[in-house]
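Structure file start_38.tsv with TSV, C-alpha atoms:
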```tsv
chain	number	residue	atom	x	y	z
A	212	MET	CA	17.15	68.67	39.90
A	213	ASP	CA	16.27	72.38	39.92
A	214	GLN	CA	17.27	73.53	36.43
A	215	LYS	CA	16.53	77.14	37.32
A	216	LYS	CA	19.18	77.00	40.05
A	217	LEU	CA	21.70	75.58	37.60
A	218	ASP	CA	20.91	78.26	35.04
A	219	GLN	CA	21.37	81.01	37.64
A	220	GLN	CA	25.04	80.07	37.98
A	221	PHE	CA	25.70	82.25	34.94
A	222	HIS	CA	24.91	85.37	36.97
A	223	HIS	CA	27.04	84.19	39.89
A	224	TRP	CA	30.07	83.59	37.70
A	225	GLU	CA	29.61	86.86	35.82
A	226	ALA	CA	29.46	88.82	39.09
A	227	SER	CA	32.50	86.95	40.43
A	228	PHE	CA	34.58	87.65	37.33
A	229	LEU	CA	33.61	91.32	37.38
A	230	SER	CA	34.45	91.78	41.07
A	231	LYS	CA	37.59	89.61	41.13
A	232	SER	CA	39.46	90.18	37.90
A	233	GLU	CA	42.18	87.68	38.87
A	234	MET	CA	40.21	85.32	41.12
A	235	PHE	CA	42.29	82.31	40.04
A	236	GLY	CA	45.62	84.12	39.91
A	237	LEU	CA	47.91	84.78	36.96
A	238	GLU	CA	49.85	81.53	36.87
A	239	PRO	CA	48.60	78.71	34.62
A	240	SER	CA	46.76	75.82	36.22
A	241	ILE	CA	48.63	72.59	36.96
A	242	ALA	CA	46.30	70.98	34.41
A	243	ALA	CA	47.37	73.37	31.65
A	244	VAL	CA	51.06	72.70	32.32
A	245	LYS	CA	50.42	68.96	32.09
A	246	ALA	CA	48.24	69.38	29.00
A	247	LEU	CA	50.86	71.48	27.18
A	248	LYS	CA	53.38	68.67	27.54
A	249	ILE	CA	50.92	66.24	25.94
A	250	PHE	CA	49.99	68.65	23.14
A	251	LYS	CA	53.68	69.19	22.36
A	252	GLU	CA	54.34	65.43	22.35
A	253	LYS	CA	51.43	64.94	19.92
A	254	ASN	CA	52.52	67.94	17.80
A	255	ILE	CA	49.15	69.63	18.42
A	256	LYS	CA	49.39	73.34	17.59
A	257	LYS	CA	45.73	74.37	17.61
A	258	ILE	CA	43.20	73.66	20.36
A	259	THR	CA	39.78	74.63	21.62
A	260	GLU	CA	39.50	75.63	25.28
A	261	LEU	CA	36.03	75.32	26.78
A	262	GLY	CA	35.12	77.35	29.85
A	263	ALA	CA	38.21	79.52	29.56
A	264	GLY	CA	37.38	81.73	32.55
A	265	LEU	CA	39.65	84.75	32.91
A	266	GLY	CA	42.21	83.32	30.52
A	267	ARG	CA	45.20	82.27	32.60
A	268	ASP	CA	45.49	78.97	30.72
A	269	THR	CA	44.61	80.54	27.37
A	270	ILE	CA	47.51	82.96	27.79
A	271	PHE	CA	49.85	80.16	28.86
A	272	PHE	CA	49.06	78.08	25.77
A	273	ALA	CA	49.42	81.10	23.48
A	274	LYS	CA	52.80	82.00	25.01
A	275	ASN	CA	53.86	78.48	24.08
A	276	SER	CA	52.80	78.92	20.44
A	277	ILE	CA	49.52	77.01	20.71
A	278	TYR	CA	46.64	78.64	18.83
A	279	VAL	CA	43.60	78.70	21.13
A	280	GLU	CA	39.93	79.20	20.36
A	281	SER	CA	38.63	80.11	23.82
A	282	LEU	CA	34.93	79.74	24.64
A	283	ASP	CA	33.11	80.94	27.74
A	284	TYR	CA	29.54	82.02	28.47
A	285	SER	CA	30.65	85.00	30.58
A	286	LYS	CA	31.00	88.33	28.82
A	287	ALA	CA	33.45	89.46	31.51
A	288	SER	CA	35.57	86.39	30.79
A	289	ILE	CA	35.75	87.01	27.05
A	290	GLU	CA	36.53	90.70	27.53
A	291	SER	CA	39.33	89.79	29.95
A	292	ILE	CA	40.89	87.31	27.52
A	293	THR	CA	40.57	89.76	24.61
A	294	ASN	CA	42.23	92.58	26.56
A	295	LYS	CA	45.06	90.37	27.81
A	296	SER	CA	45.75	88.96	24.35
A	297	ILE	CA	46.12	92.49	22.95
A	298	LYS	CA	48.21	93.75	25.88
A	299	LEU	CA	50.59	90.80	25.65
A	300	ASN	CA	50.78	90.85	21.83
A	301	LEU	CA	49.23	87.39	21.64
A	302	ALA	CA	46.12	88.23	19.62
A	303	GLU	CA	47.34	86.18	16.65
A	304	PHE	CA	47.26	83.06	18.85
A	305	ILE	CA	43.93	83.64	20.60
A	306	LYS	CA	40.36	83.74	19.33
A	307	PRO	CA	37.89	84.36	22.19
A	308	LYS	CA	34.21	83.61	21.67
A	309	LEU	CA	31.15	84.18	23.88
A	310	PHE	CA	29.37	80.84	23.93
A	311	ASP	CA	27.27	78.55	26.13
A	312	ILE	CA	28.75	75.05	25.87
A	313	ARG	CA	25.32	73.50	26.50
A	314	GLU	CA	24.58	74.42	22.88
A	315	LYS	CA	25.93	72.72	19.77
A	316	LEU	CA	29.62	73.62	19.56
A	317	PRO	CA	30.41	76.13	16.78
A	318	PHE	CA	32.85	73.93	14.87
A	319	GLU	CA	32.69	71.55	11.93
A	320	ASP	CA	32.81	67.77	12.34
A	321	ASN	CA	36.32	66.29	12.64
A	322	SER	CA	38.00	69.71	12.53
A	323	ILE	CA	39.77	70.21	15.88
A	324	ASP	CA	43.19	68.83	16.88
A	325	GLY	CA	42.78	69.04	20.65
A	326	CYS	CA	40.41	70.18	23.37
A	327	PHE	CA	41.16	71.39	26.91
A	328	SER	CA	38.94	72.40	29.81
A	329	HIS	CA	39.87	73.00	33.43
A	330	MET	CA	36.98	72.29	35.81
A	331	LEU	CA	34.32	72.99	33.18
A	332	TYR	CA	32.84	69.48	33.45
A	333	CYS	CA	32.33	69.95	37.19
A	334	MET	CA	30.33	73.14	36.83
A	335	ALA	CA	26.51	73.31	37.13
A	336	LEU	CA	25.94	70.72	34.41
A	337	SER	CA	23.56	67.79	34.74
A	338	ASN	CA	24.47	64.26	33.66
A	339	PHE	CA	22.41	64.91	30.52
A	340	ASP	CA	24.39	68.10	29.82
A	341	LEU	CA	27.67	66.24	30.30
A	342	GLU	CA	26.69	63.46	27.91
A	343	ASN	CA	25.76	66.05	25.28
A	344	LEU	CA	29.04	67.89	25.85
A	345	ASN	CA	31.04	64.68	25.46
A	346	ASN	CA	29.20	63.87	22.24
A	347	GLU	CA	29.81	67.36	20.86
A	348	ILE	CA	33.52	67.27	21.69
A	349	CYS	CA	33.75	63.87	20.04
A	350	ARG	CA	31.97	65.26	16.96
A	351	ILE	CA	34.33	68.21	16.47
A	352	LEU	CA	37.62	66.40	17.19
A	353	LYS	CA	39.59	64.74	14.44
A	354	PRO	CA	40.10	60.96	14.74
A	355	GLY	CA	42.97	60.36	17.16
A	356	ALA	CA	42.65	63.88	18.61
A	357	ILE	CA	43.02	64.46	22.35
A	358	ASN	CA	40.49	65.78	24.87
A	359	ILE	CA	41.95	66.75	28.26
A	360	TYR	CA	39.69	67.89	31.08
A	361	THR	CA	39.70	68.16	34.86
A	362	VAL	CA	36.99	67.62	37.45
A	363	ARG	CA	36.77	67.72	41.22
A	364	HIS	CA	36.22	64.20	42.47
A	365	THR	CA	34.35	62.50	45.30
A	366	GLU	CA	37.31	62.61	47.72
A	367	ASP	CA	37.22	66.43	47.62
A	368	GLY	CA	36.40	68.10	50.94
A	369	ASP	CA	33.33	69.85	49.51
A	370	TYR	CA	31.69	66.67	48.26
A	371	LYS	CA	28.36	66.08	50.03
A	372	ASN	CA	28.75	69.40	51.88
A	373	GLY	CA	26.58	72.45	51.32
A	374	ILE	CA	23.23	72.29	49.53
A	375	HIS	CA	22.50	69.19	47.45
A	376	ARG	CA	21.26	70.28	44.01
A	377	GLY	CA	20.54	66.81	42.59
A	378	GLU	CA	22.71	64.02	41.15
A	379	ASP	CA	26.28	64.68	42.36
A	380	LEU	CA	25.87	68.46	42.42
A	381	TYR	CA	26.47	70.43	45.65
A	382	GLU	CA	26.38	74.16	46.26
A	383	ASN	CA	29.05	75.77	48.46
A	384	ASP	CA	29.53	79.53	48.84
A	385	GLY	CA	27.13	80.12	45.96
A	386	PHE	CA	28.98	77.88	43.49
A	387	ILE	CA	27.41	74.62	42.29
A	388	ILE	CA	29.94	71.85	41.64
A	389	HIS	CA	29.39	68.49	39.94
A	390	PHE	CA	31.65	65.92	41.62
A	391	PHE	CA	32.97	62.91	39.70
A	392	SER	CA	33.73	59.36	40.72
A	393	LYS	CA	36.29	57.47	38.66
A	394	ASP	CA	33.43	55.34	37.32
A	395	LYS	CA	31.65	58.45	36.06
A	396	ALA	CA	34.78	59.66	34.27
A	397	ASN	CA	35.16	56.24	32.64
A	398	GLN	CA	31.49	56.07	31.64
A	399	LEU	CA	31.57	59.58	30.15
A	400	SER	CA	33.78	58.48	27.27
A	401	LYS	CA	31.52	57.43	24.41
A	402	GLY	CA	33.58	57.65	21.22
A	403	PHE	CA	36.86	57.88	23.13
A	404	GLU	CA	39.62	55.70	24.48
A	405	VAL	CA	40.40	56.66	28.09
A	406	LEU	CA	44.19	57.06	28.15
A	407	ASP	CA	44.57	58.04	31.80
A	408	ILE	CA	42.72	59.38	34.85
A	409	GLU	CA	45.30	61.05	37.08
A	410	LYS	CA	44.68	62.39	40.58
A	411	PHE	CA	46.15	65.76	41.55
A	412	GLU	CA	45.52	68.61	43.97
A	413	GLU	CA	45.28	72.35	43.42
A	414	GLY	CA	45.04	75.37	45.70
A	415	LYS	CA	45.25	75.82	49.46
A	416	PHE	CA	42.03	73.95	50.33
A	417	PRO	CA	43.15	71.83	48.48
A	418	ARG	CA	40.78	70.95	45.67
A	419	LYS	CA	41.09	67.28	44.75
A	420	LEU	CA	40.82	66.64	41.05
A	421	PHE	CA	41.06	64.14	38.23
A	422	LEU	CA	42.98	64.97	35.07
A	423	VAL	CA	41.26	62.94	32.36
A	424	LYS	CA	43.02	62.24	29.07
A	425	ASN	CA	40.88	60.81	26.26
A	426	LYS	CA	41.68	60.03	22.63
A	427	LYS	CA	38.99	60.03	19.98
A	428	ILE	CA	38.54	56.59	18.47
```

What is this structure when it is put down as structure tokens?
Amino acid sequence: MDQKKLDQQFHHWEASFLSKSEMFGLEPSIAAVKALKIFKEKNIKKITELGAGLGRDTIFFAKNSIYVESLDYSKASIESITNKSIKLNLAEFIKPKLFDIREKLPFEDNSIDGCFSHMLYCMALSNFDLENLNNEICRILKPGAINIYTVRHTEDGDYKNGIHRGEDLYENDGFIIHFFSKDKANQLSKGFEVLDIEKFEEGKFPRKLFLVKNKKI
């Protein structure tokens, strides 16, 4: 495991966001649409989004009257979300924050109703980083609160292609991705009940993903 290579992903993402201001498009992700339905069913009106990127899902949640605290470690990401929230008159529903999720999350214990992240877990994070992230999300969520996240899984076409960066991490086109088996998703659930692990596809490639739904015990 070359930690330096993992850390350098910050610069790659920052450059990508700056050069491609809508690299993921304007429409919400499939995951966000599915997550909104769950949040509405559970009467969750305030969530934390980790790894918010350029804000397409943040904006979608806000348009549907969900208050979102959006965290990302890219300055370009946070500036994009801030500008969009103002332009679309959604600033009252969105609170962007520059933050590295490998650090202790900036929230009190048992204070958050729901958490959402689209492909954050499959970024350049080691197994150790992922365990810490899971523990932190568990710490900040209220009992019974929902954590929804997506990951690319081991049936994805990029798995075991490109440069192996240790564990289940592979680099393709400059991006390092951590691929998940279903066992890994189940094991990464300390403090949670796994409600569902749903397979879905996204994009033209297509990317093959899991949508993981966990409830804090």

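For the set A:Tyr381, A:Phe304, A:Phe327, A:Phe391, the residue with the smallest atom-to-atom gap to Leu247 of chain A is A:Phe327, counting all atoms listed in the file.
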
Excluding Ile323 of chain A and residues on its chain fewer than 4 positions from it, collect all residues at most 8 Å away from it, counting all atoms listed in the file, and give them as an mmCIF file with C-alpha atoms, keeping the file's coordinate frame.
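Here's the written file part_14.cif:
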```
data_model
loop_
_atom_site.group_PDB
_atom_site.id
_atom_site.type_symbol
_atom_site.label_atom_id
_atom_site.label_comp_id
_atom_site.auth_asym_id
_atom_site.auth_seq_id
_atom_site.Cartn_x
_atom_site.Cartn_y
_atom_site.Cartn_z
ATOM 1 C CA LYS A 257 45.730 74.370 17.610
ATOM 2 C CA ILE A 258 43.200 73.660 20.360
ATOM 3 C CA THR A 259 39.780 74.630 21.620
ATOM 4 C CA PHE A 318 32.850 73.930 14.870
ATOM 5 C CA ILE A 351 34.330 68.210 16.470
ATOM 6 C CA LEU A 352 37.620 66.400 17.190
ATOM 7 C CA LYS A 353 39.590 64.740 14.440
ATOM 8 C CA ALA A 356 42.650 63.880 18.610
#
```

Do you have, as CSV, the list of residues of segment 299-400 of chain A lying at most 8 Å from segment 277-283 of chain A, each with its nearest atom pair and that distance in Å to one decimal, counting all atoms listed in the file and ordered by chain then number?
```
residue,atom,partner,partner_atom,distance
A:Glu303,CA,A:Tyr278,CA,7.9
A:Phe304,CA,A:Tyr278,CA,4.5
A:Ile305,CA,A:Val279,CA,5.0
A:Lys306,CA,A:Glu280,CA,4.7
A:Pro307,CA,A:Ser281,CA,4.6
A:Lys308,CA,A:Leu282,CA,4.9
A:Leu309,CA,A:Asp283,CA,5.4
A:Phe310,CA,A:Asp283,CA,5.3
A:Asp311,CA,A:Asp283,CA,6.5
A:Ile312,CA,A:Asp283,CA,7.6
```

Selection file, C-alpha atoms, as a PDB file, in the coordinates of the input:
```pdb
ATOM      1  CA  GLU A 303      47.340  86.180  16.650  1.00  0.00           C
ATOM      2  CA  PHE A 304      47.260  83.060  18.850  1.00  0.00           C
ATOM      3  CA  ILE A 305      43.930  83.640  20.600  1.00  0.00           C
ATOM      4  CA  LYS A 306      40.360  83.740  19.330  1.00  0.00           C
ATOM      5  CA  PRO A 307      37.890  84.360  22.190  1.00  0.00           C
ATOM      6  CA  LYS A 308      34.210  83.610  21.670  1.00  0.00           C
ATOM      7  CA  LEU A 309      31.150  84.180  23.880  1.00  0.00           C
ATOM      8  CA  PHE A 310      29.370  80.840  23.930  1.00  0.00           C
ATOM      9  CA  ASP A 311      27.270  78.550  26.130  1.00  0.00           C
ATOM     10  CA  ILE A 312      28.750  75.050  25.870  1.00  0.00           C
TER      11      ILE A 312
END
```

* To do: Find the residues near Ile374 of chain A: any atom within 10 Å, counting all atoms listed in the file, skip ones fewer than 5 places away on the same chain, and give them as a ChimeraX atom specification.
  => /A:380-385,387

Kindly save the residues from that selection, with C-alpha atoms included, as a PDB file, in the frame of the given file.
```pdb
ATOM      1  CA  LEU A 380      25.870  68.460  42.420  1.00  0.00           C
ATOM      2  CA  TYR A 381      26.470  70.430  45.650  1.00  0.00           C
ATOM      3  CA  GLU A 382      26.380  74.160  46.260  1.00  0.00           C
ATOM      4  CA  ASN A 383      29.050  75.770  48.460  1.00  0.00           C
ATOM      5  CA  ASP A 384      29.530  79.530  48.840  1.00  0.00           C
ATOM      6  CA  GLY A 385      27.130  80.120  45.960  1.00  0.00           C
ATOM      7  CA  ILE A 387      27.410  74.620  42.290  1.00  0.00           C
TER       8      ILE A 387
END
```

* Separation of atom CA of Gly264 of chain A from atom CA of Asp218 of chain A, in Å and rounded to one decimal -> 17.0 Å

* Structure fact -> Counting all atoms listed in the file, the residue among A:Ile241, A:Val405, A:Ala287, A:Ala246 that lies closest to Gly266 of chain A is A:Ala287

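Within 8 Å of Leu406 of chain A, once only C-alpha atoms are used and residues closer than 3 positions along the same chain are dropped, the contacting residues are Val423, Lys424, Asn425 and Lys426 of chain A.
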
* To do: Name the closest residue to Glu378 of chain A among the candidates A:Ser400, A:Lys256, A:Gln214, A:Ala263; distances are taken between atoms, counting all atoms listed in the file.
  => A:Gln214

* Can you list, as a ChimeraX atom specification, every protein, DNA or RNA residue that comes within 10 Å of Phe390 of chain A when you count all atoms listed in the file, leaving out same-chain residues fewer than 2 positions away? -> /A:332-334,362-367,369-371,378-381,387-388,392,395,420

Take the selection from the previous step and output its residues with C-alpha atoms, as a CSV table (one decimal), keeping the file's coordinate frame.
```
chain,number,residue,atom,x,y,z
A,332,TYR,CA,32.8,69.5,33.4
A,333,CYS,CA,32.3,70.0,37.2
A,334,MET,CA,30.3,73.1,36.8
A,362,VAL,CA,37.0,67.6,37.4
A,363,ARG,CA,36.8,67.7,41.2
A,364,HIS,CA,36.2,64.2,42.5
A,365,THR,CA,34.4,62.5,45.3
A,366,GLU,CA,37.3,62.6,47.7
A,367,ASP,CA,37.2,66.4,47.6
A,369,ASP,CA,33.3,69.8,49.5
A,370,TYR,CA,31.7,66.7,48.3
A,371,LYS,CA,28.4,66.1,50.0
A,378,GLU,CA,22.7,64.0,41.2
A,379,ASP,CA,26.3,64.7,42.4
A,380,LEU,CA,25.9,68.5,42.4
A,381,TYR,CA,26.5,70.4,45.6
A,387,ILE,CA,27.4,74.6,42.3
A,388,ILE,CA,29.9,71.8,41.6
A,392,SER,CA,33.7,59.4,40.7
A,395,LYS,CA,31.6,58.4,36.1
A,420,LEU,CA,40.8,66.6,41.0
```

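Across the model, the gap from atom CA of Arg418 of chain A to atom CA of Gly368 of chain A is 7.4 Å.
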
* Asked: What would the list of residues within 9 Å of (27.2, 61.7, 27.7) (file frame) look like as a list in words, if all atoms listed in the file are what count?
  -> Asn338, Phe339, Asp340, Leu341, Glu342, Asn343, Leu344, Asn345, Asn346, Gln398, Leu399, Ser400 and Lys401 of chain A

Put those residues in a file: C-alpha atoms, as a PDB file, in the frame of the given file.
```pdb
ATOM      1  CA  ASN A 338      24.470  64.260  33.660  1.00  0.00           C
ATOM      2  CA  PHE A 339      22.410  64.910  30.520  1.00  0.00           C
ATOM      3  CA  ASP A 340      24.390  68.100  29.820  1.00  0.00           C
ATOM      4  CA  LEU A 341      27.670  66.240  30.300  1.00  0.00           C
ATOM      5  CA  GLU A 342      26.690  63.460  27.910  1.00  0.00           C
ATOM      6  CA  ASN A 343      25.760  66.050  25.280  1.00  0.00           C
ATOM      7  CA  LEU A 344      29.040  67.890  25.850  1.00  0.00           C
ATOM      8  CA  ASN A 345      31.040  64.680  25.460  1.00  0.00           C
ATOM      9  CA  ASN A 346      29.200  63.870  22.240  1.00  0.00           C
ATOM     10  CA  GLN A 398      31.490  56.070  31.640  1.00  0.00           C
ATOM     11  CA  LEU A 399      31.570  59.580  30.150  1.00  0.00           C
ATOM     12  CA  SER A 400      33.780  58.480  27.270  1.00  0.00           C
ATOM     13  CA  LYS A 401      31.520  57.430  24.410  1.00  0.00           C
TER      14      LYS A 401
END
```

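Of the residues listed (A:Gly262, A:Ile289, A:Thr361, A:Asn397), A:Thr361 shows the shortest atom-to-atom separation from Glu412 of chain A; distances use all atoms listed in the file.
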
* Determine the nearest neighbour of Glu314 of chain A from the options A:Ile348, A:Asn300, A:Gly355, A:Lys251, counting only C-alpha atoms. => A:Ile348

* For Lys274 of chain A, which residue out of A:Asn254, A:Ser291, A:Ser296, A:Ser337 is the nearest one, using only C-alpha atoms? -> A:Ser296

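Pairwise distance (atom CA of Leu331 of chain A, atom CA of Phe386 of chain A) equals 12.6 Å.
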